[in-house]
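Structure below is upload-v7.txt: compact mmCIF, C-alpha atoms.
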```
# COMPACT_ATOMS: atom_id res chain seq x y z
CA MET M 1 25.24 -127.46 -45.21
CA THR M 2 26.62 -125.05 -42.65
CA PRO M 3 29.41 -122.54 -43.27
CA GLY M 4 31.93 -121.94 -40.54
CA HIS M 5 30.67 -118.72 -38.97
CA GLY M 6 30.72 -118.80 -35.18
CA LEU M 7 32.29 -122.27 -34.96
CA ARG M 8 35.82 -121.45 -33.79
CA PRO M 9 36.98 -122.49 -30.31
CA PRO M 10 36.24 -119.78 -27.73
CA SER M 11 39.94 -119.42 -26.88
CA ALA M 12 40.99 -118.76 -30.46
CA PRO M 13 41.10 -115.30 -32.00
CA ALA M 14 38.80 -114.23 -34.81
CA PRO M 15 40.07 -115.89 -37.98
CA GLY M 16 40.37 -112.76 -40.10
CA ALA M 17 39.48 -112.28 -43.73
CA ALA M 18 41.81 -114.88 -45.24
CA ALA M 19 40.84 -117.64 -42.81
CA GLY M 20 37.16 -116.67 -42.91
CA ALA M 21 37.10 -117.04 -46.69
CA THR M 22 38.63 -120.50 -46.34
CA LEU M 23 36.06 -121.62 -43.77
CA ALA M 24 33.19 -120.28 -45.88
CA LYS M 25 34.01 -122.86 -48.56
CA ALA M 26 32.43 -125.50 -46.31
CA SER M 27 29.04 -124.57 -47.73
CA SER M 28 30.03 -125.75 -51.23
CA GLU M 29 31.22 -129.23 -50.30
CA ASN M 30 29.38 -132.40 -51.38
CA PHE M 31 28.67 -133.27 -47.75
CA PRO M 32 27.67 -131.34 -44.61
CA VAL M 33 30.83 -130.32 -42.78
CA ALA M 34 29.49 -129.21 -39.38
CA PRO M 35 25.67 -129.21 -39.37
CA ALA M 36 23.82 -127.30 -36.67
CA PHE M 37 22.35 -130.42 -35.03
CA LEU M 38 25.77 -131.42 -33.69
CA PRO M 39 26.99 -130.42 -30.23
CA ARG M 40 28.81 -127.09 -30.29
CA ALA M 41 32.13 -128.70 -29.31
CA TRP M 42 31.92 -131.11 -32.23
CA ARG M 43 31.05 -128.30 -34.64
CA GLN M 44 34.05 -126.32 -33.45
CA GLY M 45 36.32 -129.32 -33.84
CA LEU M 46 35.03 -130.28 -37.26
CA MET M 47 35.37 -126.73 -38.55
CA ALA M 48 38.90 -126.50 -37.17
CA VAL M 49 39.86 -129.71 -38.97
CA TYR M 50 38.04 -128.59 -42.12
CA GLY M 51 39.75 -125.19 -42.07
CA TYR M 52 43.14 -126.85 -41.95
CA ALA M 53 42.30 -129.37 -44.69
CA ARG M 54 40.84 -126.68 -46.93
CA LEU M 55 43.89 -124.46 -46.43
CA VAL M 56 46.24 -127.30 -47.39
CA ASP M 57 44.23 -128.02 -50.54
CA ASP M 58 43.99 -124.35 -51.48
CA ILE M 59 47.77 -124.04 -51.20
CA GLY M 60 48.30 -127.18 -53.28
CA ASP M 61 45.78 -126.09 -55.93
CA GLY M 62 46.86 -122.45 -56.08
CA ASP M 63 43.41 -121.31 -54.88
CA LEU M 64 44.45 -118.98 -52.06
CA ALA M 65 42.89 -115.55 -51.77
CA PRO M 66 44.83 -112.95 -53.77
CA GLY M 67 47.23 -110.60 -52.06
CA GLY M 68 49.53 -113.10 -50.38
CA ARG M 69 47.93 -112.76 -46.93
CA ASP M 70 48.24 -116.48 -46.17
CA ALA M 71 51.95 -116.37 -47.03
CA VAL M 72 52.47 -113.49 -44.61
CA LEU M 73 50.58 -115.35 -41.89
CA LEU M 74 52.94 -118.29 -42.36
CA GLY M 75 55.99 -116.04 -42.08
CA LEU M 76 56.79 -115.73 -45.79
CA ASP M 77 56.95 -112.89 -48.25
CA PRO M 78 53.58 -112.22 -50.00
CA ALA M 79 55.15 -113.22 -53.33
CA ALA M 80 55.76 -116.71 -51.92
CA ALA M 81 52.03 -117.42 -52.09
CA ASP M 82 52.61 -118.70 -55.62
CA ASP M 83 55.47 -120.97 -54.53
CA ARG M 84 53.43 -124.01 -53.55
CA PRO M 85 56.29 -126.19 -52.23
CA ALA M 86 57.54 -123.31 -50.07
CA MET M 87 54.03 -122.66 -48.77
CA LEU M 88 53.53 -126.32 -47.92
CA ASP M 89 56.87 -126.37 -46.09
CA ALA M 90 55.86 -123.27 -44.11
CA LEU M 91 52.49 -124.82 -43.31
CA GLU M 92 54.18 -127.98 -42.05
CA ALA M 93 56.40 -125.87 -39.80
CA ASP M 94 53.29 -124.18 -38.41
CA LEU M 95 51.61 -127.55 -37.93
CA LEU M 96 54.54 -128.63 -35.77
CA ARG M 97 53.78 -125.62 -33.57
CA VAL M 98 50.23 -126.97 -33.14
CA PHE M 99 51.67 -130.13 -31.62
CA GLY M 100 54.37 -128.40 -29.61
CA ALA M 101 57.26 -129.64 -31.72
CA ALA M 102 58.46 -126.08 -32.49
CA ASP M 103 58.84 -122.91 -30.46
CA GLY M 104 55.92 -120.57 -30.05
CA PRO M 105 52.22 -120.74 -30.97
CA PRO M 106 50.99 -121.37 -34.52
CA ARG M 107 51.15 -118.31 -36.78
CA HIS M 108 48.19 -118.92 -39.07
CA PRO M 109 44.79 -118.32 -37.40
CA LEU M 110 43.37 -121.55 -38.82
CA LEU M 111 46.15 -123.53 -37.15
CA LEU M 112 45.82 -121.47 -33.98
CA ALA M 113 42.15 -122.51 -33.90
CA LEU M 114 43.18 -126.12 -34.50
CA GLN M 115 45.62 -126.27 -31.57
CA PRO M 116 43.13 -126.55 -28.66
CA VAL M 117 41.05 -129.06 -30.62
CA ALA M 118 44.07 -131.23 -31.39
CA ARG M 119 45.15 -131.15 -27.75
CA GLU M 120 41.72 -131.82 -26.24
CA HIS M 121 40.98 -134.77 -28.53
CA ARG M 122 44.57 -136.00 -28.85
CA LEU M 123 44.37 -135.94 -32.62
CA SER M 124 47.14 -137.75 -34.50
CA PRO M 125 49.67 -135.42 -36.16
CA GLU M 126 50.39 -138.00 -38.88
CA HIS M 127 46.89 -137.49 -40.32
CA PHE M 128 47.51 -133.76 -40.72
CA LEU M 129 50.95 -134.43 -42.19
CA GLY M 130 49.35 -136.85 -44.63
CA LEU M 131 47.26 -134.05 -46.10
CA ILE M 132 50.38 -131.98 -46.69
CA GLU M 133 52.12 -134.94 -48.31
CA ALA M 134 49.13 -135.48 -50.62
CA ASN M 135 49.44 -131.91 -51.84
CA ARG M 136 53.19 -132.27 -52.26
CA LEU M 137 52.39 -135.29 -54.40
CA ASP M 138 50.11 -133.09 -56.49
CA GLN M 139 53.11 -130.88 -57.28
CA ARG M 140 55.11 -133.88 -58.56
CA VAL M 141 52.53 -136.30 -59.97
CA ALA M 142 49.95 -135.28 -62.54
CA ARG M 143 48.85 -138.73 -63.77
CA TYR M 144 48.07 -142.05 -62.07
CA ALA M 145 48.92 -145.21 -63.94
CA THR M 146 46.72 -147.59 -61.96
CA TYR M 147 43.72 -147.62 -59.68
CA GLY M 148 46.03 -148.86 -56.92
CA GLU M 149 48.16 -145.72 -57.25
CA LEU M 150 45.03 -143.58 -57.02
CA LEU M 151 43.95 -145.42 -53.87
CA ALA M 152 47.34 -144.71 -52.31
CA TYR M 153 46.83 -141.02 -53.06
CA CYS M 154 43.33 -141.10 -51.54
CA GLU M 155 44.82 -142.70 -48.42
CA LEU M 156 46.69 -139.44 -47.85
CA SER M 157 44.26 -136.90 -49.28
CA ALA M 158 40.92 -138.21 -47.99
CA ASN M 159 41.11 -141.15 -45.59
CA THR M 160 43.12 -139.12 -43.10
CA VAL M 161 40.18 -136.73 -42.70
CA GLY M 162 37.75 -139.54 -41.92
CA ARG M 163 40.11 -140.92 -39.33
CA LEU M 164 40.33 -137.48 -37.72
CA VAL M 165 36.51 -137.34 -37.50
CA LEU M 166 36.51 -140.68 -35.68
CA GLU M 167 39.25 -139.49 -33.32
CA LEU M 168 37.42 -136.21 -32.73
CA THR M 169 34.22 -138.02 -31.74
CA GLY M 170 36.01 -140.71 -29.72
CA THR M 171 34.66 -143.54 -31.87
CA ALA M 172 37.75 -144.89 -33.67
CA THR M 173 38.04 -148.69 -33.88
CA PRO M 174 39.84 -150.79 -36.52
CA GLU M 175 36.53 -151.79 -38.14
CA ARG M 176 35.19 -148.25 -38.19
CA ILE M 177 38.46 -146.96 -39.64
CA ARG M 178 38.20 -149.53 -42.45
CA ARG M 179 34.63 -148.47 -43.25
CA SER M 180 35.54 -144.80 -42.99
CA ASP M 181 38.43 -145.26 -45.42
CA ALA M 182 36.04 -146.74 -47.99
CA ILE M 183 33.64 -143.79 -47.62
CA CYS M 184 36.38 -141.17 -47.81
CA THR M 185 38.02 -142.73 -50.86
CA ALA M 186 34.60 -142.80 -52.55
CA LEU M 187 34.04 -139.13 -51.73
CA GLN M 188 37.44 -138.24 -53.18
CA ILE M 189 36.76 -140.20 -56.37
CA ALA M 190 33.32 -138.58 -56.69
CA GLU M 191 34.96 -135.16 -56.47
CA HIS M 192 37.53 -136.17 -59.09
CA LEU M 193 34.73 -137.27 -61.42
CA GLN M 194 32.90 -133.98 -60.99
CA ASP M 195 36.09 -131.99 -61.57
CA VAL M 196 37.61 -133.76 -64.59
CA ALA M 197 37.60 -130.58 -66.70
CA GLU M 198 38.86 -128.36 -63.87
CA ASP M 199 41.64 -130.78 -63.00
CA LEU M 200 42.69 -131.03 -66.64
CA GLY M 201 43.00 -127.24 -66.64
CA ARG M 202 45.59 -127.72 -63.88
CA ASP M 203 47.30 -130.41 -65.97
CA ARG M 204 46.09 -133.16 -63.62
CA ILE M 205 44.20 -136.34 -64.45
CA TYR M 206 42.91 -138.53 -61.65
CA LEU M 207 41.34 -141.11 -63.95
CA PRO M 208 43.71 -144.11 -63.90
CA ALA M 209 45.62 -144.48 -67.16
CA GLU M 210 44.88 -148.22 -67.22
CA ASP M 211 41.14 -147.43 -67.23
CA MET M 212 41.53 -144.77 -69.91
CA ARG M 213 43.24 -147.34 -72.13
CA ARG M 214 40.54 -149.90 -71.43
CA PHE M 215 37.82 -147.49 -72.58
CA ARG M 216 39.96 -146.01 -75.37
CA VAL M 217 39.91 -142.52 -73.88
CA THR M 218 42.72 -140.09 -74.68
CA GLU M 219 43.70 -136.90 -72.92
CA ALA M 220 42.41 -134.99 -75.94
CA ASP M 221 39.00 -136.58 -75.38
CA LEU M 222 38.93 -135.14 -71.86
CA GLY M 223 39.55 -131.66 -73.26
CA ALA M 224 36.46 -131.68 -75.46
CA ARG M 225 33.44 -129.46 -74.78
CA SER M 226 31.28 -132.49 -74.08
CA ALA M 227 31.96 -136.15 -73.51
CA GLY M 228 31.81 -138.72 -76.28
CA ALA M 229 30.61 -142.27 -75.79
CA SER M 230 33.99 -143.59 -74.66
CA VAL M 231 34.43 -140.88 -71.99
CA ARG M 232 30.88 -141.44 -70.74
CA ALA M 233 31.52 -145.16 -70.46
CA LEU M 234 34.71 -144.51 -68.48
CA ILE M 235 32.97 -142.08 -66.11
CA ALA M 236 30.11 -144.56 -65.66
CA PHE M 237 32.63 -147.27 -64.72
CA GLU M 238 34.37 -145.05 -62.18
CA THR M 239 31.01 -143.90 -60.80
CA GLU M 240 29.94 -147.48 -60.15
CA ARG M 241 33.29 -148.22 -58.55
CA ALA M 242 32.85 -145.28 -56.16
CA ARG M 243 29.29 -146.34 -55.41
CA GLY M 244 30.59 -149.77 -54.43
CA LEU M 245 33.01 -148.16 -51.98
CA LEU M 246 30.17 -146.16 -50.44
CA ASP M 247 28.16 -149.34 -50.02
CA GLU M 248 31.17 -150.98 -48.37
CA GLY M 249 31.47 -148.10 -45.93
CA THR M 250 27.78 -147.58 -45.15
CA PRO M 251 27.71 -150.03 -42.17
CA LEU M 252 29.81 -147.42 -40.36
CA VAL M 253 26.62 -145.34 -40.04
CA GLY M 254 24.83 -148.16 -38.27
CA SER M 255 27.72 -148.73 -35.86
CA VAL M 256 27.24 -145.39 -34.07
CA HIS M 257 24.31 -143.66 -32.44
CA GLY M 258 22.63 -140.31 -32.01
CA ARG M 259 23.82 -137.22 -33.80
CA LEU M 260 27.04 -138.84 -34.98
CA ARG M 261 24.88 -141.30 -36.92
CA LEU M 262 23.22 -138.33 -38.65
CA LEU M 263 26.59 -136.75 -39.46
CA LEU M 264 28.01 -139.92 -41.00
CA ALA M 265 24.79 -140.46 -42.93
CA GLY M 266 25.34 -136.96 -44.30
CA PHE M 267 28.78 -137.93 -45.56
CA VAL M 268 27.52 -141.09 -47.25
CA GLY M 269 24.37 -139.39 -48.55
CA GLY M 270 26.45 -136.52 -49.91
CA GLY M 271 28.63 -138.96 -51.83
CA ARG M 272 25.64 -140.81 -53.21
CA ALA M 273 23.98 -137.56 -54.23
CA ALA M 274 27.14 -136.43 -56.04
CA LEU M 275 27.30 -139.72 -57.94
CA ARG M 276 23.61 -139.47 -58.80
CA ALA M 277 24.23 -135.99 -60.18
CA VAL M 278 27.01 -137.38 -62.38
CA THR M 279 24.67 -140.13 -63.53
CA ALA M 280 21.83 -137.67 -64.20
CA ALA M 281 24.20 -135.68 -66.42
CA GLY M 282 24.57 -138.79 -68.60
CA PHE M 283 28.15 -139.09 -67.27
CA ASP M 284 29.09 -135.98 -69.25
CA VAL M 285 31.25 -134.14 -66.72
CA LEU M 286 33.22 -132.10 -69.24
CA PRO M 287 30.96 -129.01 -69.46
CA GLY M 288 31.36 -128.51 -65.70
CA PRO M 289 30.88 -130.30 -62.39
CA PRO M 290 27.41 -131.88 -62.02
CA LYS M 291 26.17 -130.82 -58.58
CA PRO M 292 23.36 -132.40 -56.56
CA THR M 293 20.44 -130.30 -55.38
CA ARG M 294 19.77 -129.89 -51.67
CA GLY M 295 16.60 -131.94 -52.12
CA LEU M 296 18.54 -134.82 -53.63
CA LEU M 297 21.08 -134.65 -50.81
CA LEU M 298 18.36 -134.82 -48.16
CA ARG M 299 16.68 -137.76 -49.88
CA GLU M 300 19.93 -139.67 -50.06
CA VAL M 301 20.70 -139.00 -46.40
CA ALA M 302 17.25 -140.23 -45.44
CA ALA M 303 17.77 -143.38 -47.52
CA VAL M 304 21.08 -144.08 -45.76
CA LEU M 305 19.43 -143.72 -42.35
CA ARG M 306 16.67 -146.13 -43.38
CA THR M 307 18.95 -148.79 -44.78
CA ALA M 308 22.19 -148.62 -42.77
CA PRO M 309 22.31 -151.77 -40.61
CA ARG M 310 22.31 -151.00 -36.90
CA LYS M 311 24.85 -152.60 -34.58
CA GLY M 312 24.92 -152.52 -30.83
```
Output the file's structure in the form of structure tokens.
Amino acid sequence: MTPGHGLRPPSAPAPGAAAGATLAKASSENFPVAPAFLPRAWRQGLMAVYGYARLVDDIGDGDLAPGGRDAVLLGLDPAAADDRPAMLDALEADLLRVFGAADGPPRHPLLLALQPVAREHRLSPEHFLGLIEANRLDQRVARYATYGELLAYCELSANTVGRLVLELTGTATPERIRRSDAICTALQIAEHLQDVAEDLGRDRIYLPAEDMRRFRVTEADLGARSAGASVRALIAFETERARGLLDEGTPLVGSVHGRLRLLLAGFVGGGRAALRAVTAAGFDVLPGPPKPTRGLLLREVAAVLRTAPRKG
């Protein structure tokens, strides 16, 4: 996986320390964000979209770099960095500058880098707004009663990113969007499964309450040092559900050609590798997030390329 060094649009200024730290997180994702085999323009675009998405999530999760630099960049007092709703509001105002709906250029360097990409590829502002709304939801909702509610959250927090990738590469069609949504929801669920303990530390649970009741899992069970049989059974169930979504989305890989096919195979393979890591841990995700090795990731990507049905 490739971190974001050297991938900003030529017309954008250097991102600075705060933005650079955000972009560097690309190397720790479950899937390759902007691998070197892609055309330079695509890498720039993907990193610009990733930088924005990562910034939104870091604001929503309280994971910004210390010192309040991001708050200052968005026109707020440094102390406002801990005020997540205010930060999200300021970020939305800066996003409107990206799309020319407010006076002046964007203030944050990550959004300044996004502006030429959004204009060149005519990216949809509602997808970017959806990511902000997902993180606003995180400030108000800490539990999800049903799987349907979780899917609605993933529609905002994950599926929007997949749709932006299709827009960026000029390959969006209704069928591809449907397949992409399945893949992105699966990737989001896989991340939730890996991060059960970390999310609980933030007082969030993304395991549907209806499923927890079905497997007789309590919130206290999720706070244990290691998972008991009931928690493992629940995680196994959710893992298989996410795997089914990946299978549903995999034909997307076969519907495109060339280097885009490799990129999408990386997304699917990354999700499968993450789920295999959860499985290899015996579905005990409570000691910490099970992470796939690079070797496992490459094997899963190769398997996707071998098996994804080709169209056209």
Looking at M:Ala281, M:Val165, M:Val217, M:Ala65, which one is nearest to M:Leu263, with distances taken over all atoms listed in the file?
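Using all atoms listed in the file, the shortest distance to M:Leu263 belongs to M:Val165.
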Neighbours of M:Thr171 within 12 Å (all atoms listed in the file; same-chain residues fewer than 3 positions away dropped), as a PDB file with C-alpha atoms, keeping the file's coordinate frame?
```
ATOM      1  CA  HIS M 121      40.980-134.770 -28.530  1.00  0.00           C
ATOM      2  CA  GLY M 162      37.750-139.540 -41.920  1.00  0.00           C
ATOM      3  CA  ARG M 163      40.110-140.920 -39.330  1.00  0.00           C
ATOM      4  CA  LEU M 164      40.330-137.480 -37.720  1.00  0.00           C
ATOM      5  CA  VAL M 165      36.510-137.340 -37.500  1.00  0.00           C
ATOM      6  CA  LEU M 166      36.510-140.680 -35.680  1.00  0.00           C
ATOM      7  CA  GLU M 167      39.250-139.490 -33.320  1.00  0.00           C
ATOM      8  CA  LEU M 168      37.420-136.210 -32.730  1.00  0.00           C
ATOM      9  CA  PRO M 174      39.840-150.790 -36.520  1.00  0.00           C
ATOM     10  CA  GLU M 175      36.530-151.790 -38.140  1.00  0.00           C
ATOM     11  CA  ARG M 176      35.190-148.250 -38.190  1.00  0.00           C
ATOM     12  CA  ILE M 177      38.460-146.960 -39.640  1.00  0.00           C
ATOM     13  CA  SER M 180      35.540-144.800 -42.990  1.00  0.00           C
ATOM     14  CA  LEU M 252      29.810-147.420 -40.360  1.00  0.00           C
ATOM     15  CA  VAL M 253      26.620-145.340 -40.040  1.00  0.00           C
ATOM     16  CA  SER M 255      27.720-148.730 -35.860  1.00  0.00           C
ATOM     17  CA  VAL M 256      27.240-145.390 -34.070  1.00  0.00           C
ATOM     18  CA  HIS M 257      24.310-143.660 -32.440  1.00  0.00           C
ATOM     19  CA  LEU M 260      27.040-138.840 -34.980  1.00  0.00           C
ATOM     20  CA  ARG M 261      24.880-141.300 -36.920  1.00  0.00           C
ATOM     21  CA  LEU M 264      28.010-139.920 -41.000  1.00  0.00           C
TER      22      LEU M 264
END
```
Mind pulling up the distance from atom CA of M:Ala134 to atom CA of M:Pro109?
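Separation between atom CA of M:Pro109 and atom CA of M:Ala134: 22.1 Å.
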Could you give me, as a PDB file with C-alpha atoms, in the coordinates of the input, the residues that have an atom at most 12 Å away from the point (28.7, -142.0, -69.2) in the coordinates of the file, using all atoms listed in the file?
```pdb
ATOM      1  CA  LEU M 193      34.730-137.270 -61.420  1.00  0.00           C
ATOM      2  CA  PHE M 215      37.820-147.490 -72.580  1.00  0.00           C
ATOM      3  CA  SER M 226      31.280-132.490 -74.080  1.00  0.00           C
ATOM      4  CA  ALA M 227      31.960-136.150 -73.510  1.00  0.00           C
ATOM      5  CA  GLY M 228      31.810-138.720 -76.280  1.00  0.00           C
ATOM      6  CA  ALA M 229      30.610-142.270 -75.790  1.00  0.00           C
ATOM      7  CA  SER M 230      33.990-143.590 -74.660  1.00  0.00           C
ATOM      8  CA  VAL M 231      34.430-140.880 -71.990  1.00  0.00           C
ATOM      9  CA  ARG M 232      30.880-141.440 -70.740  1.00  0.00           C
ATOM     10  CA  ALA M 233      31.520-145.160 -70.460  1.00  0.00           C
ATOM     11  CA  LEU M 234      34.710-144.510 -68.480  1.00  0.00           C
ATOM     12  CA  ILE M 235      32.970-142.080 -66.110  1.00  0.00           C
ATOM     13  CA  ALA M 236      30.110-144.560 -65.660  1.00  0.00           C
ATOM     14  CA  PHE M 237      32.630-147.270 -64.720  1.00  0.00           C
ATOM     15  CA  GLU M 238      34.370-145.050 -62.180  1.00  0.00           C
ATOM     16  CA  THR M 239      31.010-143.900 -60.800  1.00  0.00           C
ATOM     17  CA  GLU M 240      29.940-147.480 -60.150  1.00  0.00           C
ATOM     18  CA  LEU M 275      27.300-139.720 -57.940  1.00  0.00           C
ATOM     19  CA  ARG M 276      23.610-139.470 -58.800  1.00  0.00           C
ATOM     20  CA  ALA M 277      24.230-135.990 -60.180  1.00  0.00           C
ATOM     21  CA  VAL M 278      27.010-137.380 -62.380  1.00  0.00           C
ATOM     22  CA  THR M 279      24.670-140.130 -63.530  1.00  0.00           C
ATOM     23  CA  ALA M 280      21.830-137.670 -64.200  1.00  0.00           C
ATOM     24  CA  ALA M 281      24.200-135.680 -66.420  1.00  0.00           C
ATOM     25  CA  GLY M 282      24.570-138.790 -68.600  1.00  0.00           C
ATOM     26  CA  PHE M 283      28.150-139.090 -67.270  1.00  0.00           C
ATOM     27  CA  ASP M 284      29.090-135.980 -69.250  1.00  0.00           C
ATOM     28  CA  VAL M 285      31.250-134.140 -66.720  1.00  0.00           C
ATOM     29  CA  LEU M 286      33.220-132.100 -69.240  1.00  0.00           C
TER      30      LEU M 286
END
```
Nearest to M:Ala113 by atom-to-atom distance, counting only C-alpha atoms, from M:Ala86, M:Cys154, M:Ala302, M:Val49:
M:Val49
I need the residue nearest M:Asp63 from this list: M:Arg202, M:Asp181, M:Pro292, M:Phe267. Use only C-alpha atoms for the distance.
M:Arg202
Contacts of M:Arg179 at 8 Å (only C-alpha atoms; same-chain gap of 5+ positions) as a compact mmCIF listing (two decimals) with C-alpha atoms, in the frame of the given file:
```
# COMPACT_ATOMS: atom_id res chain seq x y z
CA GLU M 248 31.17 -150.98 -48.37
CA GLY M 249 31.47 -148.10 -45.93
CA THR M 250 27.78 -147.58 -45.15
CA PRO M 251 27.71 -150.03 -42.17
CA LEU M 252 29.81 -147.42 -40.36
```
Looking at M:Ala145, M:Ala53, M:Leu64, M:Ala81, which one is nearest to M:His127, with distances taken over all atoms listed in the file?
M:Ala53
Record the distance separating atom CA of M:Leu137 and atom CA of M:Leu245, expressed in Å with one decimal.
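Computed distance, atom CA of M:Leu137 to atom CA of M:Leu245, equals 23.4 Å.
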Rank nothing, just name the residue among M:Gly254, M:Leu110, M:Gly288, M:Phe128 nearest to M:His192, using only C-alpha atoms.
M:Gly288
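Of note, atom CA of M:Leu222 and atom CA of M:Ala190 are spaced 16.5 Å apart.
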With distances taken over all atoms listed in the file, which of M:Gly170, M:Val304, M:Asp247, M:Gly130 is nearest to M:Ala152?
M:Gly130
Contacts of M:Phe37 at 9 Å (all atoms listed in the file; same-chain gap of 4+ positions) as number ranges by chain:
M: 43, 259, 262-263
Exercise on stretch 53-69 of chain M, axis-aligned box with 6 Å per side, report centre and edge lengths in Å to one decimal, as lines of an AutoDock Vina configuration file:
```
center_x = 45.2
center_y = -120.0
center_z = -50.4
size_x = 20.7
size_y = 30.8
size_z = 23.4
```
Select, counting only C-alpha atoms, all protein, DNA and RNA residues no farther than 12 Å from (46.6, -125.0, -50.7) in file coordinates, and express the selection as a CSV table (one decimal) with C-alpha atoms, in the coordinates of the input.
```csv
chain,number,residue,atom,x,y,z
M,22,THR,CA,38.6,-120.5,-46.3
M,51,GLY,CA,39.8,-125.2,-42.1
M,52,TYR,CA,43.1,-126.8,-42.0
M,53,ALA,CA,42.3,-129.4,-44.7
M,54,ARG,CA,40.8,-126.7,-46.9
M,55,LEU,CA,43.9,-124.5,-46.4
M,56,VAL,CA,46.2,-127.3,-47.4
M,57,ASP,CA,44.2,-128.0,-50.5
M,58,ASP,CA,44.0,-124.4,-51.5
M,59,ILE,CA,47.8,-124.0,-51.2
M,60,GLY,CA,48.3,-127.2,-53.3
M,61,ASP,CA,45.8,-126.1,-55.9
M,62,GLY,CA,46.9,-122.4,-56.1
M,63,ASP,CA,43.4,-121.3,-54.9
M,64,LEU,CA,44.4,-119.0,-52.1
M,65,ALA,CA,42.9,-115.6,-51.8
M,70,ASP,CA,48.2,-116.5,-46.2
M,71,ALA,CA,52.0,-116.4,-47.0
M,81,ALA,CA,52.0,-117.4,-52.1
M,82,ASP,CA,52.6,-118.7,-55.6
M,83,ASP,CA,55.5,-121.0,-54.5
M,84,ARG,CA,53.4,-124.0,-53.6
M,85,PRO,CA,56.3,-126.2,-52.2
M,86,ALA,CA,57.5,-123.3,-50.1
M,87,MET,CA,54.0,-122.7,-48.8
M,88,LEU,CA,53.5,-126.3,-47.9
M,89,ASP,CA,56.9,-126.4,-46.1
M,90,ALA,CA,55.9,-123.3,-44.1
M,91,LEU,CA,52.5,-124.8,-43.3
M,92,GLU,CA,54.2,-128.0,-42.0
M,131,LEU,CA,47.3,-134.0,-46.1
M,132,ILE,CA,50.4,-132.0,-46.7
M,133,GLU,CA,52.1,-134.9,-48.3
M,134,ALA,CA,49.1,-135.5,-50.6
M,135,ASN,CA,49.4,-131.9,-51.8
M,136,ARG,CA,53.2,-132.3,-52.3
M,138,ASP,CA,50.1,-133.1,-56.5
M,139,GLN,CA,53.1,-130.9,-57.3
```
M:Leu114 surroundings by all atoms listed in the file, 8 Å radius, close-in-sequence under 2 positions cut, as JSON, numbers by chain
{"M": [45, 48, 49, 52, 98, 110, 111, 112, 116, 117, 118]}
